[in-house]
Every structure is written in structure tokens, then in C-alpha cells.
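Student: Supplied structure: coords-v3.pdb, PDB, C-alpha atoms.
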MODEL        1
ATOM      1  CA  MET A   1     -11.739 -23.090  46.491
ATOM      2  CA  LYS A   2     -10.182 -24.880  43.503
ATOM      3  CA  LEU A   3     -12.593 -23.069  41.177
ATOM      4  CA  LEU A   4     -11.605 -19.699  42.654
ATOM      5  CA  LEU A   5      -7.898 -20.463  42.181
ATOM      6  CA  LEU A   6      -8.503 -21.481  38.576
ATOM      7  CA  GLN A   7     -10.392 -18.240  37.915
ATOM      8  CA  LEU A   8      -7.584 -16.157  39.442
ATOM      9  CA  PHE A   9      -4.973 -18.078  37.428
ATOM     10  CA  ALA A  10      -6.895 -17.521  34.194
ATOM     11  CA  ALA A  11      -7.308 -13.811  34.906
ATOM     12  CA  ALA A  12      -3.561 -13.453  35.371
ATOM     13  CA  PHE A  13      -2.917 -14.850  31.899
ATOM     14  CA  VAL A  14      -5.342 -12.913  29.705
ATOM     15  CA  PRO A  15      -4.031 -13.039  26.112
ATOM     16  CA  ALA A  16      -1.906 -10.012  25.253
ATOM     17  CA  ALA A  17      -4.099  -9.411  22.184
ATOM     18  CA  ALA A  18      -6.813  -8.058  24.512
ATOM     19  CA  VAL A  19      -4.563  -5.058  25.253
ATOM     20  CA  TYR A  20      -4.240  -3.971  21.634
ATOM     21  CA  GLN A  21      -6.934  -2.082  19.755
ATOM     22  CA  THR A  22      -5.289  -2.182  16.318
ATOM     23  CA  VAL A  23      -3.121  -4.897  14.741
ATOM     24  CA  ILE A  24      -1.661  -4.467  11.238
ATOM     25  CA  ASN A  25       0.246  -7.164   9.369
ATOM     26  CA  ASP A  26       3.262  -6.438   7.125
ATOM     27  CA  THR A  27       3.776  -3.147   8.943
ATOM     28  CA  ALA A  28       6.554  -1.879  11.227
ATOM     29  CA  ILE A  29       6.906   1.049  13.612
ATOM     30  CA  HIS A  30       9.154   3.564  11.883
ATOM     31  CA  SER A  31       9.285   6.362  14.451
ATOM     32  CA  PRO A  32       9.551   7.362  17.193
ATOM     33  CA  ILE A  33      11.407   4.298  18.517
ATOM     34  CA  SER A  34      11.758   4.312  22.316
ATOM     35  CA  LYS A  35      13.195   0.815  22.800
ATOM     36  CA  ARG A  36      14.688  -1.968  20.682
ATOM     37  CA  ILE A  37      14.679  -5.410  22.292
ATOM     38  CA  ASP A  38      15.926  -8.805  21.130
ATOM     39  CA  VAL A  39      13.053 -11.305  21.260
ATOM     40  CA  MET A  40      12.327 -14.765  19.914
ATOM     41  CA  THR A  41       8.628 -14.504  19.037
ATOM     42  CA  GLU A  42       5.832 -12.065  18.285
ATOM     43  CA  CYS A  43       4.127 -13.176  21.493
ATOM     44  CA  GLU A  44       7.172 -12.154  23.531
ATOM     45  CA  CYS A  45       7.196  -8.719  21.878
ATOM     46  CA  ARG A  46       3.501  -8.233  22.642
ATOM     47  CA  ALA A  47       4.005  -9.265  26.253
ATOM     48  CA  LYS A  48       6.939  -6.886  26.783
ATOM     49  CA  CYS A  49       4.972  -3.933  25.418
ATOM     50  CA  ASP A  50       1.954  -5.000  27.468
ATOM     51  CA  MET A  51       3.994  -4.925  30.696
ATOM     52  CA  ASP A  52       5.685  -1.612  29.870
ATOM     53  CA  SER A  53       3.413   1.286  30.849
ATOM     54  CA  SER A  54       5.361   3.683  28.584
ATOM     55  CA  CYS A  55       4.875   1.461  25.511
ATOM     56  CA  THR A  56       1.929   2.609  23.399
ATOM     57  CA  ALA A  57       2.622   0.366  20.405
ATOM     58  CA  ALA A  58       5.216  -2.072  19.105
ATOM     59  CA  SER A  59       6.158  -4.083  16.054
ATOM     60  CA  TYR A  60       7.851  -7.457  15.727
ATOM     61  CA  ASP A  61      10.379  -7.996  12.936
ATOM     62  CA  ALA A  62      10.377 -11.748  12.298
ATOM     63  CA  ILE A  63      13.522 -11.646  10.148
ATOM     64  CA  ALA A  64      15.702  -9.860  12.695
ATOM     65  CA  ASP A  65      13.826 -11.169  15.790
ATOM     66  CA  LEU A  66      13.587  -7.625  17.133
ATOM     67  CA  CYS A  67      10.824  -5.845  18.997
ATOM     68  CA  PHE A  68      10.516  -2.108  18.340
ATOM     69  CA  MET A  69       8.549  -0.148  20.935
ATOM     70  CA  THR A  70       7.254   3.393  20.793
ATOM     71  CA  ASP A  71       5.911   5.818  23.369
ATOM     72  CA  GLY A  72       4.258   7.948  20.691
ATOM     73  CA  GLY A  73       0.562   8.583  20.257
ATOM     74  CA  PRO A  74      -1.911   8.412  17.353
ATOM     75  CA  ASP A  75      -0.688  11.749  15.974
ATOM     76  CA  THR A  76       3.046  11.068  16.233
ATOM     77  CA  VAL A  77       3.595   7.382  15.413
ATOM     78  CA  ILE A  78       4.724   6.709  11.844
ATOM     79  CA  THR A  79       4.704   3.238  10.302
ATOM     80  CA  GLN A  80       6.131   1.723   7.144
ATOM     81  CA  SER A  81       5.312  -1.352   5.105
ATOM     82  CA  LEU A  82       7.553  -4.302   5.943
ATOM     83  CA  VAL A  83       6.704  -7.830   4.796
ATOM     84  CA  GLY A  84       6.744 -10.313   7.663
ATOM     85  CA  SER A  85       6.481  -7.665  10.370
ATOM     86  CA  VAL A  86       3.385  -7.074  12.499
ATOM     87  CA  ALA A  87       2.520  -3.915  14.431
ATOM     88  CA  PHE A  88       0.129  -3.701  17.367
ATOM     89  CA  PHE A  89      -1.235  -0.567  19.007
ATOM     90  CA  LYS A  90      -2.876   0.167  22.354
ATOM     91  CA  PHE A  91      -4.968   2.803  20.574
ATOM     92  CA  GLN A  92      -6.985   3.057  17.372
ATOM     93  CA  TYR A  93      -4.460   3.678  14.616
ATOM     94  CA  VAL A  94      -4.931   4.610  10.967
ATOM     95  CA  GLU A  95      -1.870   4.147   8.747
ATOM     96  CA  THR A  96      -0.319   7.226   7.160
ATOM     97  CA  PRO A  97       2.102   6.901   4.232
ATOM     98  CA  LEU A  98       5.789   7.422   4.999
ATOM     99  CA  GLU A  99       7.080  10.605   3.386
ATOM    100  CA  VAL A 100      10.623  10.536   2.033
ATOM    101  CA  PHE A 101      12.269  13.921   1.498
ATOM    102  CA  LEU A 102      15.601  15.744   1.252
ATOM    103  CA  ALA A 103      16.553  18.161   4.015
ATOM    104  CA  GLY A 104      19.301  20.752   3.972
ATOM    105  CA  ALA A 105      22.774  20.097   2.633
ATOM    106  CA  THR A 106      26.023  19.678   4.492
ATOM    107  CA  LYS A 107      29.654  18.610   4.230
ATOM    108  CA  ASN A 108      29.270  17.007   7.667
ATOM    109  CA  GLY A 109      27.675  13.555   7.346
ATOM    110  CA  SER A 110      27.844  12.620  11.034
ATOM    111  CA  LEU A 111      24.741  10.974  12.451
ATOM    112  CA  ALA A 112      24.262  13.878  14.862
ATOM    113  CA  ARG A 113      24.262  16.379  11.986
ATOM    114  CA  LEU A 114      21.877  14.260   9.886
ATOM    115  CA  ARG A 115      19.461  14.057  12.821
ATOM    116  CA  GLU A 116      19.697  17.803  13.354
ATOM    117  CA  LEU A 117      18.930  18.665   9.722
ATOM    118  CA  CYS A 118      16.036  16.187   9.470
ATOM    119  CA  ALA A 119      14.585  17.373  12.791
ATOM    120  CA  GLU A 120      14.455  20.937  11.456
ATOM    121  CA  GLU A 121      11.757  19.659   9.093
ATOM    122  CA  ASN A 122      10.081  17.340  11.624
ATOM    123  CA  GLY A 123      11.781  14.224  10.286
ATOM    124  CA  ILE A 124      14.457  11.658  11.070
ATOM    125  CA  PRO A 125      17.327  10.260   8.944
ATOM    126  CA  LEU A 126      15.868   7.803   6.438
ATOM    127  CA  ILE A 127      15.892   4.075   7.194
ATOM    128  CA  ILE A 128      15.318   1.982   4.066
ATOM    129  CA  LYS A 129      13.692  -1.410   4.660
ATOM    130  CA  THR A 130      11.284  -1.787   1.752
ATOM    131  CA  GLU A 131      11.538  -1.711  -2.023
ATOM    132  CA  GLU A 132       8.973   1.114  -2.120
ATOM    133  CA  VAL A 133      11.021   3.372   0.154
ATOM    134  CA  LYS A 134      14.221   2.437  -1.678
ATOM    135  CA  ALA A 135      12.647   3.376  -5.016
ATOM    136  CA  ALA A 136      11.311   6.679  -3.650
ATOM    137  CA  ALA A 137      14.688   7.600  -2.157
ATOM    138  CA  THR A 138      16.577   6.670  -5.333
ATOM    139  CA  GLN A 139      14.221   8.763  -7.426
ATOM    140  CA  LEU A 140      14.750  11.758  -5.136
ATOM    141  CA  VAL A 141      18.514  11.403  -5.316
ATOM    142  CA  ASP A 142      18.434  11.043  -9.088
ATOM    143  CA  LYS A 143      16.369  14.215  -9.517
ATOM    144  CA  LYS A 144      17.562  16.478  -6.710
ATOM    145  CA  GLY A 145      20.870  15.156  -5.448
ATOM    146  CA  LEU A 146      24.268  16.689  -5.969
ATOM    147  CA  GLN A 147      24.771  17.386  -9.670
ATOM    148  CA  SER A 148      28.226  15.893 -10.168
ATOM    149  CA  TYR A 149      29.794  12.611 -11.281
ATOM    150  CA  GLU A 150      27.152  10.767  -9.277
ATOM    151  CA  ASP A 151      24.093  12.188  -7.568
ATOM    152  CA  MET A 152      24.154  11.290  -3.876
ATOM    153  CA  SER A 153      22.497  12.031  -0.522
ATOM    154  CA  TRP A 154      23.629  11.251   3.028
ATOM    155  CA  LEU A 155      22.306   8.117   4.765
ATOM    156  CA  PRO A 156      22.595   7.052   8.445
ATOM    157  CA  VAL A 157      24.204   3.632   7.766
ATOM    158  CA  ARG A 158      26.969   2.938  10.285
ATOM    159  CA  GLY A 159      29.123   0.170  11.795
ATOM    160  CA  CYS A 160      30.516  -1.131   8.507
ATOM    161  CA  GLU A 161      33.744  -2.771   9.620
ATOM    162  CA  GLU A 162      32.420  -5.458   7.287
ATOM    163  CA  LYS A 163      29.557  -5.028   4.832
ATOM    164  CA  SER A 164      27.511  -7.650   6.661
ATOM    165  CA  LEU A 165      27.744  -5.557   9.852
ATOM    166  CA  CYS A 166      26.337  -2.338   8.362
ATOM    167  CA  HIS A 167      23.274  -1.277  10.324
ATOM    168  CA  TRP A 168      20.598   1.402  10.538
ATOM    169  CA  PRO A 169      20.166   3.642  13.621
ATOM    170  CA  ASP A 170      17.479   1.270  14.976
ATOM    171  CA  GLY A 171      20.049  -1.543  15.089
ATOM    172  CA  THR A 172      18.763  -3.646  12.189
ATOM    173  CA  ARG A 173      21.326  -4.848   9.673
ATOM    174  CA  VAL A 174      21.193  -3.291   6.224
ATOM    175  CA  THR A 175      21.608  -6.662   4.493
ATOM    176  CA  ASP A 176      18.611  -8.110   6.377
ATOM    177  CA  GLY A 177      16.410  -5.840   4.261
ATOM    178  CA  VAL A 178      16.381  -4.776   0.619
ATOM    179  CA  PHE A 179      20.129  -4.292   0.122
ATOM    180  CA  THR A 180      22.614  -7.029  -0.699
ATOM    181  CA  GLU A 181      26.332  -6.818   0.061
ATOM    182  CA  GLU A 182      26.880  -6.245  -3.671
ATOM    183  CA  GLU A 183      24.816  -3.039  -3.360
ATOM    184  CA  ILE A 184      27.158  -1.650  -0.712
ATOM    185  CA  GLY A 185      30.314  -0.122  -2.133
ATOM    186  CA  TYR A 186      33.303   1.907  -1.033
ATOM    187  CA  GLY A 187      33.945   5.534  -1.952
ATOM    188  CA  ARG A 188      37.246   7.349  -2.231
ATOM    189  CA  ARG A 189      37.321   8.847   1.247
ATOM    190  CA  GLU A 190      38.389   7.012   4.395
ATOM    191  CA  PRO A 191      37.711   6.133   7.138
ATOM    192  CA  PHE A 192      34.384   4.625   6.051
ATOM    193  CA  THR A 193      32.354   6.058   8.930
ATOM    194  CA  GLY A 194      29.678   7.741   6.801
ATOM    195  CA  SER A 195      27.413   6.691   3.929
ATOM    196  CA  TYR A 196      25.265   7.982   1.125
ATOM    197  CA  LEU A 197      22.788   6.667  -1.440
ATOM    198  CA  ASN A 198      23.651   7.172  -5.092
ATOM    199  CA  HIS A 199      21.264   7.496  -8.030
ATOM    200  CA  HIS A 200      21.657   3.784  -8.817
ATOM    201  CA  GLY A 201      20.031   2.916  -5.480
ATOM    202  CA  GLU A 202      23.339   1.725  -4.005
ATOM    203  CA  ILE A 203      24.864   2.536  -0.620
ATOM    204  CA  VAL A 204      28.362   3.991  -0.776
ATOM    205  CA  LEU A 205      30.565   4.020   2.325
ATOM    206  CA  THR A 206      32.649   7.142   2.777
ATOM    207  CA  SER A 207      34.077   9.515   5.347
ATOM    208  CA  GLU A 208      31.665  11.518   7.513
ATOM    209  CA  GLN A 209      33.343  14.656   6.172
ATOM    210  CA  ASP A 210      33.226  15.607   2.496
ATOM    211  CA  ASN A 211      34.446  18.571   0.487
ATOM    212  CA  LYS A 212      31.081  18.719  -1.300
ATOM    213  CA  VAL A 213      27.789  19.946   0.128
ATOM    214  CA  ILE A 214      25.452  16.940   0.065
ATOM    215  CA  PRO A 215      21.714  16.822   0.908
ATOM    216  CA  VAL A 216      20.312  14.489   3.569
ATOM    217  CA  LEU A 217      17.675  11.792   3.043
ATOM    218  CA  CYS A 218      14.971  12.019   5.716
ATOM    219  CA  SER A 219      11.489  10.688   6.426
ATOM    220  CA  ARG A 220       8.452  11.700   8.452
TER     221      ARG A 220
ENDMDL
END
Represent the structure of the file as C-alpha cells.

Tutor:
Amino acid sequence: MKLLLLQLFAAAFVPAAAVYQTVINDTAIHSPISKRIDVMTECECRAKCDMDSSCTAASYDAIADLCFMTDGGPDTVITQSLVGSVAFFKFQYVETPLEVFLAGATKNGSLARLRELCAEENGIPLIIKTEEVKAAATQLVDKKGLQSYEDMSWLPVRGCEEKSLCHWPDGTRVTDGVFTEEEIGYGRREPFTGSYLNHHGEIVLTSEQDNKVIPVLCSR
């Protein structure tokens, strides 16, 4: 009887790793993100995805202590390199490079409008968490951005009552990644509810409405 109870107990606590077919270090789920959960450990993130039938893969960000879940499949999940993060999949997954591109151009820099323009080209507003993505975005802005005093393209950074509070649409703070507070500046237009990237690789806070037509940074 004791042996049977021990066997049942052990079966109930099979390591979460057994659920996942692919595990990739220094990689994060980029899109689509279905849930963002505060966790304390990678193990907790794995367990939450394991118990969620809609979760097909997840990644744990050790710096922000966040668990990003997705309900996407092998053909729709996009990842990005992120040192210290680990991604785990309930299916066989082969990494595909993140593509950074410019979509449309608009005077309206609201998050809803950025999402709409990126979606027209099967993308989402760009989230910059690595030096590689930052360099690619800066190069695009420098070459193809608005030809004026400073080349610029809309970004989805929001919540900047203070620079340290600026965050991406997935909830992670901008300064927890590859930007310092010194690389976040203020433009001439208030209120500072919108943002763009300039050709120096700096984030500039500005109004969501501009009198210039500005392209949008996206990824897919």
C-alpha cells in the first residue's frame, strides 16, 4: 500500500521539463504573447505553462522575473535573442530570425494606429530588447526614416511619467534592457504619450500626434 502511494505521489510530480520538446537558452518569445505573468523562477514559469492547456510555449525573463506565454504554433511563434532568458516549447521548434522593418507612415502615433499599420504587413510594433535588434532598427531609421532635422520612426514605448517607468507593450521596462535613462529624451511636443527612435539609436518621448508623417518600426 505504501509503495502504491509513493508511486502515485511521484507520478503527480513529473518534472515540467518532460512536457517540453524544445528548450532554447538566451531566447525569448517575441510574438504572439497571450499572457504575461509575474513569477519568481523559471520553474514556476514552466509549471504555469504546463498547467495551462492554451499555452503552447513560454519564456522566462530572469531580469524582469516575468513569464511570457504564447498560444501560437510552430508556424506563428517568433522568438528573439535575449541573454539570460530561456524559452521552452511543447512542440519541435526551429528558430527563425526576427525581421525588423518599417511599415506605412502616419501623423498618428497612438499604439492602436501602430498596431494597425504593422498588422497590415503581418507584423507588430517593434519591441527592442537586444543590441542586435537595436542596431538593426537604428540602421533602418538612419537610411529610411523621415528626412528632416533628425530621422525618426514611431515606437510603442508608453507609460513614461518617469523615464524609469517607460515600458514596452509586453509590460517590460525599457531600462531593464538595452536602453539607459540617458538614452531616453524629451521632444518638443507634449504630452509625452508617444515615442520614436532617432538615427542615434535613442528613444525620444513626444506627443502621439505629430504634424509630420512618420514611418512605424515593426517586426515579424

Student: Go through region 11-65 of chain A and flag each residue having an atom no more than 8 Å from region 84-88 of chain A; for those, report the closest pair of atoms plus their distance in Å to one decimal, using only C-alpha atoms, ordered by chain and rising number, as JSON lines.

Tutor:
{"residue": "A:Tyr20", "atom": "CA", "partner": "A:Phe88", "partner_atom": "CA", "distance": 6.1}
{"residue": "A:Gln21", "atom": "CA", "partner": "A:Phe88", "partner_atom": "CA", "distance": 7.6}
{"residue": "A:Thr22", "atom": "CA", "partner": "A:Phe88", "partner_atom": "CA", "distance": 5.7}
{"residue": "A:Val23", "atom": "CA", "partner": "A:Phe88", "partner_atom": "CA", "distance": 4.3}
{"residue": "A:Ile24", "atom": "CA", "partner": "A:Ala87", "partner_atom": "CA", "distance": 5.3}
{"residue": "A:Asn25", "atom": "CA", "partner": "A:Val86", "partner_atom": "CA", "distance": 4.4}
{"residue": "A:Asp26", "atom": "CA", "partner": "A:Ser85", "partner_atom": "CA", "distance": 4.7}
{"residue": "A:Thr27", "atom": "CA", "partner": "A:Val86", "partner_atom": "CA", "distance": 5.3}
{"residue": "A:Ala28", "atom": "CA", "partner": "A:Ala87", "partner_atom": "CA", "distance": 5.5}
{"residue": "A:Ile29", "atom": "CA", "partner": "A:Ala87", "partner_atom": "CA", "distance": 6.7}
{"residue": "A:Arg46", "atom": "CA", "partner": "A:Phe88", "partner_atom": "CA", "distance": 7.7}
{"residue": "A:Ala57", "atom": "CA", "partner": "A:Phe88", "partner_atom": "CA", "distance": 5.7}
{"residue": "A:Ala58", "atom": "CA", "partner": "A:Phe88", "partner_atom": "CA", "distance": 5.6}
{"residue": "A:Ser59", "atom": "CA", "partner": "A:Ala87", "partner_atom": "CA", "distance": 4.0}
{"residue": "A:Tyr60", "atom": "CA", "partner": "A:Val86", "partner_atom": "CA", "distance": 5.5}
{"residue": "A:Asp61", "atom": "CA", "partner": "A:Ser85", "partner_atom": "CA", "distance": 4.7}
{"residue": "A:Ala62", "atom": "CA", "partner": "A:Ser85", "partner_atom": "CA", "distance": 6.0}
{"residue": "A:Ile63", "atom": "CA", "partner": "A:Gly84", "partner_atom": "CA", "distance": 7.3}

Student: With only C-alpha atoms as the atoms that count, which of A:Ser31, A:Ser110, A:Ser195, A:Ser207 lies nearest to Ser219 (chain A)?

Tutor: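 So, comparing all the options, the nearest one is A:Ser31.
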
Student: Translate the PyMOL selection byres ((chain A and resi 71-79) around 8) into a concrete residue list for this structure, as a PyMOL selection string.

Tutor: chain A and resi 27-34+54-57+69-70+80-81+91-93+95-98+220

Student: Quick one: write out the picked residues with C-alpha atoms as a PDB file, in the coordinates of the input?

Tutor:
ATOM      1  CA  THR A  27       3.776  -3.147   8.943  1.00  0.00           C
ATOM      2  CA  ALA A  28       6.554  -1.879  11.227  1.00  0.00           C
ATOM      3  CA  ILE A  29       6.906   1.049  13.612  1.00  0.00           C
ATOM      4  CA  HIS A  30       9.154   3.564  11.883  1.00  0.00           C
ATOM      5  CA  SER A  31       9.285   6.362  14.451  1.00  0.00           C
ATOM      6  CA  PRO A  32       9.551   7.362  17.193  1.00  0.00           C
ATOM      7  CA  ILE A  33      11.407   4.298  18.517  1.00  0.00           C
ATOM      8  CA  SER A  34      11.758   4.312  22.316  1.00  0.00           C
ATOM      9  CA  SER A  54       5.361   3.683  28.584  1.00  0.00           C
ATOM     10  CA  CYS A  55       4.875   1.461  25.511  1.00  0.00           C
ATOM     11  CA  THR A  56       1.929   2.609  23.399  1.00  0.00           C
ATOM     12  CA  ALA A  57       2.622   0.366  20.405  1.00  0.00           C
ATOM     13  CA  MET A  69       8.549  -0.148  20.935  1.00  0.00           C
ATOM     14  CA  THR A  70       7.254   3.393  20.793  1.00  0.00           C
ATOM     15  CA  GLN A  80       6.131   1.723   7.144  1.00  0.00           C
ATOM     16  CA  SER A  81       5.312  -1.352   5.105  1.00  0.00           C
ATOM     17  CA  PHE A  91      -4.968   2.803  20.574  1.00  0.00           C
ATOM     18  CA  GLN A  92      -6.985   3.057  17.372  1.00  0.00           C
ATOM     19  CA  TYR A  93      -4.460   3.678  14.616  1.00  0.00           C
ATOM     20  CA  GLU A  95      -1.870   4.147   8.747  1.00  0.00           C
ATOM     21  CA  THR A  96      -0.319   7.226   7.160  1.00  0.00           C
ATOM     22  CA  PRO A  97       2.102   6.901   4.232  1.00  0.00           C
ATOM     23  CA  LEU A  98       5.789   7.422   4.999  1.00  0.00           C
ATOM     24  CA  ARG A 220       8.452  11.700   8.452  1.00  0.00           C
TER      25      ARG A 220
END

Student: Smallest atom-to-atom distance to Arg173 (chain A): which of A:Gln209, A:Ile127, A:Glu121, A:Tyr196, using all atoms listed in the file?

Tutor: A:Ile127

Student: Choose the residue, out of A:Thr130, A:Thr206, A:Ser53, A:Asn211, that has the smallest atom-to-atom separation from Val157 (chain A); count all atoms listed in the file.

Tutor: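 Among the listed residues, A:Thr206 lies closest to Val157 (chain A).
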
Student: Tell me, as number ranges by chain, which residues lie within 9 Å of Glu202 (chain A), counting only C-alpha atoms; anything in the same chain fewer than 6 positions away does not count.

Tutor: A: 138, 179, 182-185, 196

Student: Work out how far CA of Thr172 (chain A) is from CA of Glu44 (chain A), in Å to one decimal.

Tutor: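 Computed distance, CA of Glu44 (chain A) to CA of Thr172 (chain A), equals 18.3 Å.
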
Student: Which residues would end up in the selection if the PyMOL selection byres ((chain A and resi 161-167) around 12) were applied here, given that I need the answer as an NGL selection string?

Tutor: :A and (64 or 127-129 or 155-160 or 168-177 or 179-186 or 191-195 or 203-205)

Student: Give me, please, the distance in Å between CA of Leu197 (chain A) and CA of Leu117 (chain A), quoted to one decimal.

Tutor: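 Here the two named atoms are 16.8 Å from each other.
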
Student: Please define a box with edges along x, y and z of the file around all atoms of region 23-26 of chain A given in the file, extend it by 5 Å on each side, and return its centre and edge lengths in Å to one decimal, as lines of an AutoDock Vina configuration file.

Tutor:
center_x = 0.1
center_y = -5.8
center_z = 10.9
size_x = 16.4
size_y = 12.7
size_z = 17.6

Student: Under the rule that only C-alpha atoms are counted, which of A:Asp210, A:Gly109, A:Lys143, A:Asp50 is the nearest residue to Pro125 (chain A)?

Tutor: A:Gly109

Student: Report the distance between CA of Leu111 (chain A) and CA of His199 (chain A) in Å, rounded to one decimal place.

Tutor: 21.1 Å

Student: What's around region 99-102 of chain A at 8 Å? Count all atoms listed in the file, leave out sequence neighbours fewer than 6 positions away in its own chain, and write the answer as an MDAnalysis selection string.

Tutor: chainID A and resid 126 133 136:137 140 215:220

Student: So which one's closest to Arg113 (chain A), A:Cys45, A:Cys67, A:Trp154, A:Lys212? Using all atoms listed in the file, please.

Tutor: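 That would be A:Trp154, the residue with the smallest distance to Arg113 (chain A).
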